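**Q** Below you will find the structure I want to go over with you.
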Amino acid sequence: MNRIIPFILIFACLPKLPFPQWLTDFTGLKEWPGLDPPYIPLDFIDFSKVVDIPLHQQAQCTDPILRSSKSCSFDCFNCVEFDDVYTCPQLSQTFDDGPSPWTIKLLKNLQVKKTRTTLFTLGVNIIRYPEIYQESHARGHIMGSHTWSHKFLPSLTNEQVVAQIEWSIWAMNATAGHLPKWFRPPFGGIDNRIRSILRQFGMQAVLWDFDTFDWKMLDLANNRNEADVFSDVTRFHARNKGKGLMLEHDAIERTVDLGIKLHNNVMKEQLTVPQCVGGIDYIKTFR
Ligand SMILES: [Zn+2]
């Protein structure tokens, strides 16, 4: 899985979401951080319980330990652990990198068939589009975390990984009053070091068994278009007997339009991630 080209749309715009007083009280800060959020210590995070695995950059998979079960790297070798979600009894879509102005277009279409989906959101986009996050949540979709700013986690220090997770949770909590259960690592970048941190938040990783590579349509050099994705999905749907979990993106109109077409033609009936595994929607809700 050598996905080197990052699919990401992070806007350098002023956040719309006010910085809450409870977060000032806790962090001592007065505004949302930039793309490298500061590490704020949490009393329930114990670094002595973090699995010791060397850091690696994306697609740098030559270290033998990455091939071992001790590491269980998904980005290098598609390795999954007992608590990873990576498939579903009914082929279902998931969407990463929002919220974006195109998210609502997607959700309005899903609404026609009363389909609920799972959205893995970025903190930096939540604070820019809090009203879109709130509307997505109000429509009954499951809101998961996709980190604060889409970093490749296995390349970060333990403190930086905690910062990416904690700030994404705070953005979600400040916007809709909940703590997420489900976490999608950017670029599928996860190994047992990252999992051992994620579990201390009570969260679980959600991976996939079918990557649409929808982002490849955005670069002509990839020579991939809607028809290619559509036929790949149709083939997978038949081969996998209608089961599976798909990776898509809702940060760009073109991938949203494709997601709508796939929903309307291939998988009208689908499940949210917690429905796939019989899990809870959120760790905690406050409103
Ligand atoms: Zn992403």
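Identifiers for the structure tokens are assigned positionally: chains receive A, B, ... in sequence, residues are indexed from 1 per chain, and ligands are indexed from 1 in the order shown.
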Dump the neighbourhood of ligand 1 as a ChimeraX atom specification: all residues within 9 Å, distances computed on only C-alpha atoms and all ligand atoms.
**A** /A:6-9,95-98,120-122,146-147,150-151,184-188,248-249
**Q** Using only C-alpha atoms, determine which residues lie at most 7 Å from region 263-275 of chain A, disregarding the query and same-chain residues fewer than 5 positions distant; provide the list as a compact mmCIF listing (two decimals) with all heavy atoms, in the first residue's frame.
**A**
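around-v9.txt, freshly written:
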# COMPACT_ATOMS: atom_id res chain seq x y z
N GLN A 90 -22.35 -5.58 5.44
CA GLN A 90 -23.01 -5.02 4.26
C GLN A 90 -22.08 -3.95 3.69
O GLN A 90 -21.63 -3.07 4.43
CB GLN A 90 -24.34 -4.38 4.69
CG GLN A 90 -25.21 -3.99 3.55
CD GLN A 90 -26.68 -4.19 3.89
OE1 GLN A 90 -27.06 -4.27 5.05
NE2 GLN A 90 -27.51 -4.29 2.88
N LEU A 91 -21.77 -4.06 2.41
CA LEU A 91 -20.82 -3.12 1.81
C LEU A 91 -21.27 -1.68 2.09
O LEU A 91 -22.37 -1.28 1.70
CB LEU A 91 -20.69 -3.35 0.31
CG LEU A 91 -19.64 -2.49 -0.40
CD1 LEU A 91 -18.25 -2.72 0.17
CD2 LEU A 91 -19.63 -2.75 -1.92
N SER A 92 -20.42 -0.92 2.81
CA SER A 92 -20.81 0.40 3.29
C SER A 92 -19.73 1.42 2.99
O SER A 92 -18.54 1.11 3.00
CB SER A 92 -21.07 0.35 4.80
OG SER A 92 -22.14 -0.52 5.09
N THR A 115 -30.23 6.72 4.31
CA THR A 115 -28.96 6.07 4.60
C THR A 115 -28.15 6.91 5.58
O THR A 115 -28.02 8.12 5.40
CB THR A 115 -28.14 5.90 3.30
OG1 THR A 115 -28.90 5.12 2.38
CG2 THR A 115 -26.80 5.22 3.58
N ARG A 116 -27.64 6.26 6.62
CA ARG A 116 -26.70 6.93 7.52
C ARG A 116 -25.30 6.44 7.19
O ARG A 116 -25.10 5.27 6.89
CB ARG A 116 -27.05 6.62 8.98
CG ARG A 116 -28.39 7.22 9.41
CD ARG A 116 -28.87 6.56 10.69
NE ARG A 116 -27.96 6.85 11.79
CZ ARG A 116 -27.64 5.98 12.75
NH1 ARG A 116 -28.13 4.76 12.73
NH2 ARG A 116 -26.82 6.32 13.72
N THR A 117 -24.33 7.35 7.25
CA THR A 117 -22.98 6.98 6.92
C THR A 117 -22.03 7.38 8.05
O THR A 117 -22.47 7.86 9.09
CB THR A 117 -22.54 7.59 5.57
OG1 THR A 117 -21.33 6.97 5.12
CG2 THR A 117 -22.35 9.10 5.66
N THR A 118 -20.75 7.13 7.83
CA THR A 118 -19.74 7.47 8.83
C THR A 118 -18.76 8.45 8.22
O THR A 118 -18.22 8.21 7.14
CB THR A 118 -19.00 6.19 9.28
OG1 THR A 118 -19.96 5.19 9.61
CG2 THR A 118 -18.12 6.47 10.50
N ILE A 142 -22.66 9.19 11.76
CA ILE A 142 -21.69 8.93 12.82
C ILE A 142 -20.44 9.77 12.54
O ILE A 142 -19.86 9.68 11.46
CB ILE A 142 -21.32 7.44 12.88
CG1 ILE A 142 -22.56 6.60 13.15
CG2 ILE A 142 -20.24 7.21 13.94
CD1 ILE A 142 -23.25 6.88 14.47
N THR A 234 -18.03 -2.22 -8.38
CA THR A 234 -19.02 -3.22 -8.80
C THR A 234 -18.42 -4.63 -8.74
O THR A 234 -19.06 -5.58 -8.27
CB THR A 234 -19.50 -2.91 -10.23
OG1 THR A 234 -19.92 -1.55 -10.26
CG2 THR A 234 -20.65 -3.80 -10.63
N ILE A 280 -20.87 1.06 20.01
CA ILE A 280 -21.53 2.31 20.40
C ILE A 280 -21.20 3.41 19.39
O ILE A 280 -20.20 3.34 18.67
CB ILE A 280 -21.11 2.75 21.81
CG1 ILE A 280 -19.57 2.92 21.90
CG2 ILE A 280 -21.59 1.77 22.85
CD1 ILE A 280 -19.09 3.52 23.22
N ASP A 281 -22.08 4.44 19.35
CA ASP A 281 -21.86 5.54 18.40
C ASP A 281 -20.76 6.48 18.90
O ASP A 281 -19.93 6.94 18.11
CB ASP A 281 -23.15 6.35 18.23
CG ASP A 281 -24.23 5.56 17.49
OD1 ASP A 281 -23.92 4.45 16.99
OD2 ASP A 281 -25.39 6.04 17.44
**Q** Using only C-alpha atoms, what does the table of region 173-210 of chain A residues within 12 Å of region 76-79 of chain A look like, with each row giving the shortest atom pair and its distance in Å to one decimal, sorted by chain and ascending number, as JSON lines?
**A**
{"residue": "A:Phe187", "atom": "CA", "partner": "A:Cys76", "partner_atom": "CA", "distance": 10.5}
{"residue": "A:Gly188", "atom": "CA", "partner": "A:Asn78", "partner_atom": "CA", "distance": 8.8}
{"residue": "A:Gly189", "atom": "CA", "partner": "A:Cys76", "partner_atom": "CA", "distance": 8.2}
{"residue": "A:Ile190", "atom": "CA", "partner": "A:Cys76", "partner_atom": "CA", "distance": 9.0}
{"residue": "A:Asp191", "atom": "CA", "partner": "A:Cys79", "partner_atom": "CA", "distance": 8.3}
{"residue": "A:Asn192", "atom": "CA", "partner": "A:Cys79", "partner_atom": "CA", "distance": 10.0}
{"residue": "A:Leu207", "atom": "CA", "partner": "A:Asn78", "partner_atom": "CA", "distance": 9.4}
{"residue": "A:Trp208", "atom": "CA", "partner": "A:Asn78", "partner_atom": "CA", "distance": 9.6}
{"residue": "A:Asp209", "atom": "CA", "partner": "A:Asn78", "partner_atom": "CA", "distance": 9.2}
{"residue": "A:Phe210", "atom": "CA", "partner": "A:Asn78", "partner_atom": "CA", "distance": 11.5}
**Q** Could you pull out the strand (DSSP E or B) residues of region 106-276 of chain A, going by DSSP on the backbone, and write them as a ChimeraX atom specification?
**A** /A:118-121,142-145,178-180,182-183,204-206,210-211,245-249
**Q** Write a file of the selected residues as a compact mmCIF listing (two decimals), in the first residue's frame, keeping C-alpha atoms.
**A**
# COMPACT_ATOMS: atom_id res chain seq x y z
CA THR A 118 -19.74 7.47 8.83
CA LEU A 119 -17.69 10.65 8.44
CA PHE A 120 -14.08 10.82 9.62
CA THR A 121 -13.45 14.50 10.17
CA ILE A 142 -21.69 8.93 12.82
CA MET A 143 -18.90 11.43 13.38
CA GLY A 144 -15.45 9.90 13.73
CA SER A 145 -12.01 11.44 14.15
CA HIS A 178 -19.54 14.38 22.15
CA LEU A 179 -16.41 12.24 22.45
CA PRO A 180 -15.75 10.05 19.40
CA TRP A 182 -14.14 5.69 15.96
CA PHE A 183 -10.83 6.79 14.50
CA GLN A 204 -10.77 2.07 17.98
CA ALA A 205 -9.20 2.25 14.54
CA VAL A 206 -11.40 1.96 11.49
CA PHE A 210 -11.76 -1.65 -0.24
CA ASP A 211 -9.98 1.57 -1.19
CA LEU A 245 -15.98 -1.29 4.11
CA MET A 246 -15.08 1.37 1.56
CA LEU A 247 -12.77 4.36 1.81
CA GLU A 248 -13.97 7.55 0.09
CA HIS A 249 -13.56 11.31 0.57
**Q** With only C-alpha atoms as the counted atoms, please give the residues lying no more than 7 Å from Lys243 (chain A), apart from itself and same-chain residues fewer than 2 positions off, as a PyMOL selection string.
**A** chain A and resi 88-91+237+240-241
**Q** Take the residues that were just selected and, keeping all heavy atoms, output them as a PDB file, in the first residue's frame.
**A**
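After the write, result-v7.pdb holds the following:
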ATOM      1  N   CYS A  88     -17.349  -4.981   6.899  1.00  0.00           N
ATOM      2  CA  CYS A  88     -18.715  -4.791   7.374  1.00  0.00           C
ATOM      3  C   CYS A  88     -19.599  -5.845   6.710  1.00  0.00           C
ATOM      4  O   CYS A  88     -19.355  -6.195   5.549  1.00  0.00           O
ATOM      5  CB  CYS A  88     -19.179  -3.386   6.994  1.00  0.00           C
ATOM      6  SG  CYS A  88     -20.820  -2.972   7.616  1.00  0.00           S
ATOM      7  N   PRO A  89     -20.604  -6.381   7.420  1.00  0.00           N
ATOM      8  CA  PRO A  89     -21.466  -7.405   6.818  1.00  0.00           C
ATOM      9  C   PRO A  89     -22.209  -6.925   5.575  1.00  0.00           C
ATOM     10  O   PRO A  89     -22.677  -7.719   4.776  1.00  0.00           O
ATOM     11  CB  PRO A  89     -22.470  -7.720   7.935  1.00  0.00           C
ATOM     12  CG  PRO A  89     -21.851  -7.225   9.186  1.00  0.00           C
ATOM     13  CD  PRO A  89     -20.947  -6.093   8.807  1.00  0.00           C
ATOM     14  N   GLN A  90     -22.355  -5.580   5.442  1.00  0.00           N
ATOM     15  CA  GLN A  90     -23.012  -5.015   4.261  1.00  0.00           C
ATOM     16  C   GLN A  90     -22.082  -3.950   3.686  1.00  0.00           C
ATOM     17  O   GLN A  90     -21.633  -3.069   4.432  1.00  0.00           O
ATOM     18  CB  GLN A  90     -24.338  -4.381   4.690  1.00  0.00           C
ATOM     19  CG  GLN A  90     -25.209  -3.994   3.548  1.00  0.00           C
ATOM     20  CD  GLN A  90     -26.681  -4.193   3.885  1.00  0.00           C
ATOM     21  OE1 GLN A  90     -27.059  -4.270   5.054  1.00  0.00           O
ATOM     22  NE2 GLN A  90     -27.511  -4.287   2.880  1.00  0.00           N
ATOM     23  N   LEU A  91     -21.767  -4.063   2.408  1.00  0.00           N
ATOM     24  CA  LEU A  91     -20.815  -3.115   1.811  1.00  0.00           C
ATOM     25  C   LEU A  91     -21.269  -1.681   2.087  1.00  0.00           C
ATOM     26  O   LEU A  91     -22.367  -1.281   1.699  1.00  0.00           O
ATOM     27  CB  LEU A  91     -20.687  -3.345   0.307  1.00  0.00           C
ATOM     28  CG  LEU A  91     -19.639  -2.492  -0.405  1.00  0.00           C
ATOM     29  CD1 LEU A  91     -18.248  -2.716   0.169  1.00  0.00           C
ATOM     30  CD2 LEU A  91     -19.629  -2.749  -1.916  1.00  0.00           C
ATOM     31  N   HIS A 237     -17.978  -5.651  -5.101  1.00  0.00           N
ATOM     32  CA  HIS A 237     -19.294  -5.944  -4.522  1.00  0.00           C
ATOM     33  C   HIS A 237     -19.712  -7.369  -4.854  1.00  0.00           C
ATOM     34  O   HIS A 237     -20.191  -8.116  -3.988  1.00  0.00           O
ATOM     35  CB  HIS A 237     -20.303  -4.932  -5.075  1.00  0.00           C
ATOM     36  CG  HIS A 237     -21.674  -5.068  -4.490  1.00  0.00           C
ATOM     37  ND1 HIS A 237     -22.718  -5.650  -5.169  1.00  0.00           N
ATOM     38  CD2 HIS A 237     -22.172  -4.702  -3.288  1.00  0.00           C
ATOM     39  CE1 HIS A 237     -23.803  -5.633  -4.399  1.00  0.00           C
ATOM     40  NE2 HIS A 237     -23.498  -5.058  -3.256  1.00  0.00           N
ATOM     41  N   ASN A 240     -16.998  -9.972  -3.231  1.00  0.00           N
ATOM     42  CA  ASN A 240     -17.028 -10.031  -1.765  1.00  0.00           C
ATOM     43  C   ASN A 240     -18.434 -10.277  -1.227  1.00  0.00           C
ATOM     44  O   ASN A 240     -18.685 -10.072  -0.048  1.00  0.00           O
ATOM     45  CB  ASN A 240     -16.446  -8.733  -1.185  1.00  0.00           C
ATOM     46  CG  ASN A 240     -15.548  -8.974   0.010  1.00  0.00           C
ATOM     47  OD1 ASN A 240     -14.830  -9.963   0.060  1.00  0.00           O
ATOM     48  ND2 ASN A 240     -15.596  -8.081   0.991  1.00  0.00           N
ATOM     49  N   LYS A 241     -19.338 -10.674  -2.121  1.00  0.00           N
ATOM     50  CA  LYS A 241     -20.712 -11.046  -1.746  1.00  0.00           C
ATOM     51  C   LYS A 241     -21.437  -9.955  -0.957  1.00  0.00           C
ATOM     52  O   LYS A 241     -22.113 -10.220   0.040  1.00  0.00           O
ATOM     53  CB  LYS A 241     -20.706 -12.353  -0.953  1.00  0.00           C
ATOM     54  CG  LYS A 241     -20.127 -13.528  -1.742  1.00  0.00           C
ATOM     55  CD  LYS A 241     -20.252 -14.823  -0.971  1.00  0.00           C
ATOM     56  CE  LYS A 241     -19.900 -16.030  -1.811  1.00  0.00           C
ATOM     57  NZ  LYS A 241     -18.537 -16.023  -2.350  1.00  0.00           N
TER      58      LYS A 241
END
